[in-house]
file model.csv (CSV, N, CA and C atoms)
chain,number,residue,atom,x,y,z
D,9,MET,N,-36.9,25.5,32.4
D,9,MET,CA,-37.1,24.6,31.3
D,9,MET,C,-37.1,23.2,31.8
D,10,ASP,N,-38.1,22.4,31.4
D,10,ASP,CA,-38.3,21.0,31.8
D,10,ASP,C,-37.5,20.1,30.9
D,11,ASP,N,-36.5,19.4,31.5
D,11,ASP,CA,-35.7,18.4,30.7
D,11,ASP,C,-36.5,17.2,30.3
D,12,SER,N,-37.6,16.9,31.0
D,12,SER,CA,-38.3,15.7,30.7
D,12,SER,C,-39.3,15.8,29.5
D,13,SER,N,-39.4,17.0,28.9
D,13,SER,CA,-40.3,17.1,27.8
D,13,SER,C,-39.7,16.4,26.6
D,14,PRO,N,-40.5,15.7,25.8
D,14,PRO,CA,-40.0,14.9,24.7
D,14,PRO,C,-39.5,15.9,23.6
D,15,ALA,N,-38.5,15.4,22.9
D,15,ALA,CA,-38.0,16.1,21.7
D,15,ALA,C,-39.1,16.2,20.7
D,16,PRO,N,-39.1,17.3,19.9
D,16,PRO,CA,-40.1,17.4,18.9
D,16,PRO,C,-39.9,16.4,17.8
D,17,SER,N,-40.9,15.9,17.2
D,17,SER,CA,-40.8,15.0,16.1
D,17,SER,C,-40.0,15.6,14.9
D,18,PRO,N,-39.2,14.9,14.2
D,18,PRO,CA,-38.5,15.5,13.1
D,18,PRO,C,-39.5,15.8,12.0
D,19,ALA,N,-39.2,16.8,11.3
D,19,ALA,CA,-40.0,17.2,10.1
D,19,ALA,C,-39.8,16.2,9.0
D,20,TYR,N,-40.8,16.0,8.2
D,20,TYR,CA,-40.8,15.1,7.1
D,20,TYR,C,-39.6,15.4,6.1
D,21,PRO,N,-39.4,16.7,5.7
D,21,PRO,CA,-38.2,17.0,4.9
D,21,PRO,C,-36.9,16.6,5.5
D,22,ASP,N,-36.8,16.7,6.9
D,22,ASP,CA,-35.6,16.4,7.6
D,22,ASP,C,-35.3,14.9,7.5
D,23,LEU,N,-36.4,14.1,7.6
D,23,LEU,CA,-36.3,12.6,7.5
D,23,LEU,C,-35.8,12.2,6.1
D,24,LEU,N,-36.3,12.9,5.1
D,24,LEU,CA,-35.9,12.6,3.7
D,24,LEU,C,-34.4,13.0,3.5
D,25,GLU,N,-34.0,14.2,4.0
D,25,GLU,CA,-32.6,14.6,4.0
D,25,GLU,C,-31.7,13.6,4.7
D,26,ALA,N,-32.2,13.1,5.8
D,26,ALA,CA,-31.4,12.1,6.5
D,26,ALA,C,-31.2,10.8,5.6
D,27,ALA,N,-32.2,10.4,4.9
D,27,ALA,CA,-32.1,9.3,4.1
D,27,ALA,C,-31.2,9.5,2.9
D,28,TYR,N,-31.2,10.7,2.3
D,28,TYR,CA,-30.3,11.1,1.3
D,28,TYR,C,-28.9,11.1,1.8
D,29,SER,N,-28.6,11.7,2.9
D,29,SER,CA,-27.3,11.8,3.5
D,29,SER,C,-26.7,10.4,3.8
D,30,LEU,N,-27.5,9.5,4.3
D,30,LEU,CA,-27.1,8.2,4.6
D,30,LEU,C,-26.7,7.5,3.3
D,31,GLY,N,-27.6,7.6,2.3
D,31,GLY,CA,-27.3,7.0,1.0
D,31,GLY,C,-26.0,7.6,0.4
D,32,ARG,N,-25.8,8.9,0.5
D,32,ARG,CA,-24.6,9.5,-0.1
D,32,ARG,C,-23.4,9.0,0.6
D,33,ALA,N,-23.4,8.9,1.9
D,33,ALA,CA,-22.2,8.4,2.7
D,33,ALA,C,-22.0,6.9,2.3
D,34,ASP,N,-23.0,6.1,2.1
D,34,ASP,CA,-22.8,4.7,1.7
D,34,ASP,C,-22.3,4.7,0.2
D,35,GLY,N,-22.7,5.6,-0.6
D,35,GLY,CA,-22.2,5.6,-2.0
D,35,GLY,C,-20.7,6.0,-2.1
D,36,VAL,N,-20.3,6.9,-1.2
D,36,VAL,CA,-18.9,7.3,-1.2
D,36,VAL,C,-18.1,6.0,-0.7
D,37,PHE,N,-18.6,5.4,0.3
D,37,PHE,CA,-17.9,4.2,0.8
D,37,PHE,C,-17.9,3.1,-0.3
D,38,ALA,N,-19.0,2.9,-0.9
D,38,ALA,CA,-19.1,1.8,-2.0
D,38,ALA,C,-18.2,2.0,-3.1
D,39,ALA,N,-17.9,3.3,-3.5
D,39,ALA,CA,-17.0,3.6,-4.6
D,39,ALA,C,-15.6,3.1,-4.3
D,40,ARG,N,-15.3,3.0,-3.1
D,40,ARG,CA,-13.9,2.5,-2.7
D,40,ARG,C,-13.8,1.0,-2.8
D,41,ILE,N,-15.0,0.3,-2.7
D,41,ILE,CA,-14.9,-1.2,-2.7
D,41,ILE,C,-15.6,-1.9,-3.8
D,42,GLU,N,-16.5,-1.2,-4.5
D,42,GLU,CA,-17.3,-1.8,-5.6
D,42,GLU,C,-16.8,-1.4,-7.0
D,43,VAL,N,-17.1,-2.3,-7.9
D,43,VAL,CA,-16.8,-1.9,-9.3
D,43,VAL,C,-18.0,-1.7,-10.1
D,44,GLY,N,-19.1,-2.4,-9.8
D,44,GLY,CA,-20.3,-2.3,-10.5
D,44,GLY,C,-21.1,-1.1,-10.3
D,45,GLU,N,-22.2,-0.9,-11.0
D,45,GLU,CA,-23.1,0.2,-10.9
D,45,GLU,C,-24.2,-0.3,-9.9
D,46,PRO,N,-24.8,0.7,-9.2
D,46,PRO,CA,-25.9,0.4,-8.3
D,46,PRO,C,-27.1,-0.1,-9.0
D,47,ASP,N,-27.9,-0.9,-8.4
D,47,ASP,CA,-29.2,-1.4,-9.0
D,47,ASP,C,-30.2,-0.4,-8.6
D,48,PRO,N,-30.7,0.4,-9.6
D,48,PRO,CA,-31.7,1.4,-9.3
D,48,PRO,C,-33.1,0.8,-8.8
D,49,SER,N,-33.3,-0.4,-9.1
D,49,SER,CA,-34.6,-1.0,-8.6
D,49,SER,C,-34.5,-1.6,-7.2
D,50,SER,N,-33.3,-1.5,-6.6
D,50,SER,CA,-33.2,-2.1,-5.3
D,50,SER,C,-33.9,-1.2,-4.3
D,51,ARG,N,-34.6,-1.8,-3.4
D,51,ARG,CA,-35.4,-1.0,-2.3
D,51,ARG,C,-34.7,-1.2,-1.0
D,52,VAL,N,-33.5,-1.8,-0.9
D,52,VAL,CA,-32.8,-2.0,0.3
D,52,VAL,C,-32.0,-0.8,0.7
D,53,CYS,N,-32.1,-0.4,1.9
D,53,CYS,CA,-31.4,0.8,2.5
D,53,CYS,C,-30.7,0.4,3.7
D,54,GLN,N,-29.4,0.4,3.7
D,54,GLN,CA,-28.6,0.0,4.8
D,54,GLN,C,-29.0,-1.4,5.4
D,55,GLY,N,-29.3,-2.3,4.5
D,55,GLY,CA,-29.7,-3.6,4.9
D,55,GLY,C,-31.1,-3.8,5.3
D,56,ARG,N,-31.9,-2.7,5.2
D,56,ARG,CA,-33.3,-2.7,5.7
D,56,ARG,C,-34.3,-2.6,4.5
D,57,ASP,N,-35.4,-3.3,4.7
D,57,ASP,CA,-36.5,-3.1,3.6
D,57,ASP,C,-37.1,-1.7,3.9
D,58,PRO,N,-37.9,-1.2,2.9
D,58,PRO,CA,-38.5,0.2,3.1
D,58,PRO,C,-39.2,0.4,4.4
D,59,GLU,N,-40.0,-0.6,4.9
D,59,GLU,CA,-40.7,-0.4,6.1
D,59,GLU,C,-39.7,-0.3,7.3
D,60,GLN,N,-38.7,-1.1,7.3
D,60,GLN,CA,-37.8,-1.1,8.4
D,60,GLN,C,-36.9,0.2,8.4
D,61,PHE,N,-36.6,0.6,7.2
D,61,PHE,CA,-35.8,1.9,7.0
D,61,PHE,C,-36.6,3.1,7.5
D,62,ALA,N,-37.9,3.2,7.1
D,62,ALA,CA,-38.7,4.3,7.6
D,62,ALA,C,-38.8,4.3,9.1
D,63,ARG,N,-39.0,3.1,9.7
D,63,ARG,CA,-39.1,3.0,11.1
D,63,ARG,C,-37.8,3.4,11.8
D,64,TRP,N,-36.7,3.0,11.2
D,64,TRP,CA,-35.4,3.3,11.7
D,64,TRP,C,-35.1,4.8,11.7
D,65,LEU,N,-35.5,5.5,10.6
D,65,LEU,CA,-35.4,6.9,10.5
D,65,LEU,C,-36.3,7.6,11.5
D,66,TRP,N,-37.4,7.1,11.7
D,66,TRP,CA,-38.4,7.7,12.7
D,66,TRP,C,-37.9,7.5,14.1
D,67,GLY,N,-37.1,6.5,14.3
D,67,GLY,CA,-36.4,6.3,15.6
D,67,GLY,C,-37.4,6.0,16.8
D,68,GLU,N,-37.2,6.7,17.9
D,68,GLU,CA,-37.9,6.4,19.1
D,68,GLU,C,-39.2,7.3,19.2
D,69,GLN,N,-39.5,7.9,18.1
D,69,GLN,CA,-40.7,8.8,18.2
D,69,GLN,C,-42.0,7.9,18.4
D,70,PRO,N,-42.9,8.4,19.1
D,70,PRO,CA,-44.2,7.7,19.3
D,70,PRO,C,-45.0,7.5,18.0
D,71,GLY,N,-45.7,6.5,17.9
D,71,GLY,CA,-46.5,6.3,16.8
D,71,GLY,C,-45.8,5.8,15.5
D,72,PRO,N,-46.5,5.6,14.5
D,72,PRO,CA,-45.9,5.2,13.2
D,72,PRO,C,-45.2,6.3,12.5
D,73,PRO,N,-44.2,6.0,11.6
D,73,PRO,CA,-43.6,7.0,10.8
D,73,PRO,C,-44.6,7.8,9.9
D,74,PRO,N,-44.3,9.0,9.5
D,74,PRO,CA,-45.2,9.7,8.6
D,74,PRO,C,-45.6,8.9,7.4
D,75,SER,N,-46.8,9.2,7.0
D,75,SER,CA,-47.3,8.6,5.7
D,75,SER,C,-46.4,9.0,4.6
D,76,GLY,N,-46.0,8.0,3.8
D,76,GLY,CA,-45.2,8.3,2.6
D,76,GLY,C,-43.7,8.1,2.8
D,77,LEU,N,-43.3,8.0,4.1
D,77,LEU,CA,-41.9,7.9,4.4
D,77,LEU,C,-41.4,6.5,3.9
D,78,GLU,N,-42.2,5.5,4.0
D,78,GLU,CA,-41.8,4.2,3.6
D,78,GLU,C,-41.6,4.1,2.0
D,79,LEU,N,-42.3,4.9,1.3
D,79,LEU,CA,-42.2,5.0,-0.1
D,79,LEU,C,-41.1,5.9,-0.6
D,80,ASN,N,-41.0,7.1,0.1
D,80,ASN,CA,-40.1,8.1,-0.4
D,80,ASN,C,-38.6,8.0,0.1
D,81,ALA,N,-38.5,7.6,1.4
D,81,ALA,CA,-37.1,7.5,2.0
D,81,ALA,C,-36.2,6.6,1.1
D,82,PRO,N,-36.6,5.4,0.7
D,82,PRO,CA,-35.7,4.6,-0.2
D,82,PRO,C,-35.3,5.3,-1.5
D,83,LEU,N,-36.2,6.1,-2.0
D,83,LEU,CA,-35.9,6.9,-3.3
D,83,LEU,C,-34.8,7.9,-3.0
D,84,TRP,N,-35.0,8.6,-1.8
D,84,TRP,CA,-34.0,9.6,-1.5
D,84,TRP,C,-32.7,9.0,-1.1
D,85,TYR,N,-32.7,7.8,-0.5
D,85,TYR,CA,-31.5,7.1,-0.2
D,85,TYR,C,-30.8,6.7,-1.5
D,86,ALA,N,-31.5,6.1,-2.4
D,86,ALA,CA,-31.0,5.7,-3.7
D,86,ALA,C,-30.3,6.9,-4.4
D,87,ARG,N,-31.0,8.0,-4.4
D,87,ARG,CA,-30.5,9.2,-5.1
D,87,ARG,C,-29.2,9.7,-4.4
D,88,GLY,N,-29.2,9.7,-3.1
D,88,GLY,CA,-27.9,10.0,-2.4
D,88,GLY,C,-26.8,9.0,-2.6
D,89,PHE,N,-27.2,7.7,-2.7
D,89,PHE,CA,-26.2,6.7,-3.0
D,89,PHE,C,-25.5,6.9,-4.4
D,90,ALA,N,-26.4,7.1,-5.4
D,90,ALA,CA,-25.9,7.4,-6.7
D,90,ALA,C,-25.0,8.6,-6.8
D,91,THR,N,-25.4,9.7,-6.1
D,91,THR,CA,-24.6,10.9,-6.1
D,91,THR,C,-23.3,10.7,-5.4
D,92,GLY,N,-23.3,10.0,-4.2
D,92,GLY,CA,-22.0,9.7,-3.5
D,92,GLY,C,-21.1,8.9,-4.3
D,93,LEU,N,-21.6,7.9,-5.0
D,93,LEU,CA,-20.9,7.0,-5.8
D,93,LEU,C,-20.2,7.7,-6.9
D,94,ALA,N,-21.0,8.5,-7.7
D,94,ALA,CA,-20.5,9.3,-8.8
D,94,ALA,C,-19.4,10.3,-8.3
D,95,ASP,N,-19.7,11.0,-7.3
D,95,ASP,CA,-18.8,12.0,-6.8
D,95,ASP,C,-17.4,11.4,-6.4
D,96,GLU,N,-17.5,10.3,-5.7
D,96,GLU,CA,-16.2,9.7,-5.2
D,96,GLU,C,-15.5,9.1,-6.4
D,97,ARG,N,-16.2,8.5,-7.3
D,97,ARG,CA,-15.5,8.0,-8.5
D,97,ARG,C,-14.8,9.1,-9.3
D,98,ARG,N,-15.5,10.3,-9.4
D,98,ARG,CA,-14.9,11.4,-10.1
D,98,ARG,C,-13.7,11.9,-9.3
D,99,ARG,N,-13.8,12.0,-8.0
D,99,ARG,CA,-12.6,12.4,-7.2
D,99,ARG,C,-11.4,11.4,-7.4
D,100,GLU,N,-11.7,10.1,-7.4
D,100,GLU,CA,-10.7,9.1,-7.6
D,100,GLU,C,-10.0,9.3,-9.0
D,101,THR,N,-10.8,9.5,-10.0
D,101,THR,CA,-10.3,9.7,-11.3
D,101,THR,C,-9.4,11.0,-11.4
D,102,ASP,N,-9.8,12.0,-10.7
D,102,ASP,CA,-9.0,13.3,-10.7
D,102,ASP,C,-7.7,13.0,-9.9
D,103,ARG,N,-7.8,12.3,-8.8
D,103,ARG,CA,-6.5,12.0,-8.1
D,103,ARG,C,-5.6,11.2,-8.9
D,104,ARG,N,-6.1,10.2,-9.7
D,104,ARG,CA,-5.2,9.4,-10.5
D,104,ARG,C,-4.6,10.2,-11.6
D,105,ARG,N,-5.4,11.1,-12.2
D,105,ARG,CA,-4.9,12.0,-13.3
D,105,ARG,C,-3.8,12.9,-12.8
D,106,ASP,N,-4.1,13.5,-11.6
D,106,ASP,CA,-3.1,14.4,-11.0
D,106,ASP,C,-1.8,13.7,-10.6
D,107,ALA,N,-1.9,12.4,-10.1
D,107,ALA,CA,-0.7,11.6,-9.8
D,107,ALA,C,0.1,11.3,-11.0
D,108,PHE,N,-0.6,10.9,-12.1
D,108,PHE,CA,0.1,10.6,-13.3
D,108,PHE,C,0.8,11.8,-13.9
D,109,ALA,N,0.1,13.0,-13.8
D,109,ALA,CA,0.7,14.2,-14.3
D,109,ALA,C,2.0,14.6,-13.5
D,110,TRP,N,1.9,14.4,-12.2
D,110,TRP,CA,3.1,14.7,-11.4
D,110,TRP,C,4.2,13.7,-11.7
D,111,ILE,N,3.9,12.4,-11.9
D,111,ILE,CA,5.0,11.4,-12.2
D,111,ILE,C,5.6,11.8,-13.6
D,112,GLU,N,4.7,12.1,-14.5
D,112,GLU,CA,5.2,12.5,-15.8
D,112,GLU,C,6.1,13.7,-15.8
D,113,LEU,N,5.7,14.7,-15.0
D,113,LEU,CA,6.5,15.9,-14.9
D,113,LEU,C,7.8,15.7,-14.2
D,114,ARG,N,7.8,14.8,-13.2
D,114,ARG,CA,9.0,14.5,-12.4
D,114,ARG,C,10.0,13.7,-13.3
D,115,GLY,N,9.5,13.0,-14.3
D,115,GLY,CA,10.3,12.1,-15.1
D,115,GLY,C,11.0,12.9,-16.2
D,116,ARG,N,10.6,14.1,-16.4
D,116,ARG,CA,11.3,14.9,-17.4
D,116,ARG,C,12.6,15.6,-16.9
D,117,ARG,N,13.5,15.7,-17.7
D,117,ARG,CA,14.8,16.3,-17.3
D,117,ARG,C,14.6,17.9,-17.3
D,118,ILE,N,15.2,18.5,-16.4
D,118,ILE,CA,15.2,19.9,-16.2
D,118,ILE,C,16.1,20.5,-17.3
D,119,PRO,N,15.6,21.4,-18.1
D,119,PRO,CA,16.5,22.0,-19.1
D,119,PRO,C,17.6,22.8,-18.5
D,120,ARG,N,18.7,22.7,-19.0
D,120,ARG,CA,19.8,23.5,-18.5
D,120,ARG,C,20.2,24.5,-19.6
D,121,GLY,N,20.4,25.6,-19.2
D,121,GLY,CA,20.7,26.6,-20.3
D,121,GLY,C,21.6,27.5,-20.0
call {"tool": "encode", "arguments": {"input": "model.csv", "output": "structure tokens"}}
result
Amino acid sequence: MDDSSPAPSPAYPDLLEAAYSLGRADGVFAARIEVGEPDPSSRVCQGRDPEQFARWLWGEQPGPPPSGLELNAPLWYARGFATGLADERRRETDRRRDAFAWIELRGRRIPRG
């Protein structure tokens, strides 16, 4: 096996999944530090405009990124961001509810009988 052969180019769906995963991770992180809702019209992905983001996802592959990646990757990123944000906020709400229930339970006297 020749180690000098180039790695195969990533498939288009894999690039979109990567954009979604990055957005989801950023959404989870944002839920811990932000209070507002995400701007659905924002085309910024990890501080990059759509063209830069597509090129970054494409990485060191020769040639330009696949057609449509510049348009679709930000949409997948935004969907992942919104999902991560909602999931983490839901988990945080559940943690608070569980903590409150535990405190309430511990504050009650144990019936003696």
call {"tool": "select_by_dssp", "arguments": {"input": "model.csv", "residues": "chain D", "states": "helix (DSSP H, G or I)", "output": "PyMOL selection string"}}
result
chain D and resi 20-41+58-66+77-115
call {"tool": "residues_around", "arguments": {"input": "model.csv", "residues": "D:Ser29", "least_positions_apart": "6", "cutoff": "9 Å", "atoms": "only C-alpha atoms", "output": "MDAnalysis selection string"}}
result
chainID D and resid 84:85 88:89
call {"tool": "closest_residue", "arguments": {"input": "model.csv", "among": "D:Pro46, D:Gln54, D:Pro21, D:Arg87", "to": "D:Pro74", "atoms": "only C-alpha atoms"}}
result
D:Pro21
call {"tool": "residues_around", "arguments": {"input": "model.csv", "residues": "D:Gly92", "least_positions_apart": "2", "cutoff": "5 Å", "atoms": "all atoms listed in the file", "output": "VMD selection string"}}
result
chain D and resid 32 35 to 36 88 to 90 94 to 96
call {"tool": "residues_around", "arguments": {"input": "model.csv", "residues": "D:Ser75", "least_positions_apart": "6", "cutoff": "12 Å", "atoms": "only C-alpha atoms", "output": "short mmCIF file (atom, residue, chain, number, x, y, z; two decimals) with N, CA and C atoms, in the frame of the given file"}}
result
data_model
loop_
_atom_site.label_atom_id
_atom_site.label_comp_id
_atom_site.auth_asym_id
_atom_site.auth_seq_id
_atom_site.Cartn_x
_atom_site.Cartn_y
_atom_site.Cartn_z
N TYR D 20 -40.80 16.00 8.20
CA TYR D 20 -40.80 15.10 7.10
C TYR D 20 -39.60 15.40 6.10
N LEU D 23 -36.40 14.10 7.60
CA LEU D 23 -36.30 12.60 7.50
C LEU D 23 -35.80 12.20 6.10
N GLU D 59 -40.00 -0.60 4.90
CA GLU D 59 -40.70 -0.40 6.10
C GLU D 59 -39.70 -0.30 7.30
N ALA D 62 -37.90 3.20 7.10
CA ALA D 62 -38.70 4.30 7.60
C ALA D 62 -38.80 4.30 9.10
N ARG D 63 -39.00 3.10 9.70
CA ARG D 63 -39.10 3.00 11.10
C ARG D 63 -37.80 3.40 11.80
N TRP D 66 -37.40 7.10 11.70
CA TRP D 66 -38.40 7.70 12.70
C TRP D 66 -37.90 7.50 14.10
N ALA D 81 -38.50 7.60 1.40
CA ALA D 81 -37.10 7.50 2.00
C ALA D 81 -36.20 6.60 1.10
#
call {"tool": "atom_distance", "arguments": {"input": "model.csv", "atom1": "atom N of D:Gly71", "atom2": "atom CA of D:Ala19"}}
result
14.4 Å
call {"tool": "atom_distance", "arguments": {"input": "model.csv", "atom1": "atom N of D:Pro70", "atom2": "atom N of D:Pro18"}}
result
8.9 Å
call {"tool": "axis_aligned_box", "arguments": {"input": "model.csv", "around": "stretch 73-79 of chain D", "padding_each_side": "3 Å", "output": "AutoDock Vina command-line options"}}
result
--center_x -44.2 --center_y 6.9 --center_z 5.5 --size_x 12.2 --size_y 11.6 --size_z 18.2
call {"tool": "atom_distance", "arguments": {"input": "model.csv", "atom1": "atom N of D:Leu83", "atom2": "atom C of D:Glu45"}}
result
15.7 Å
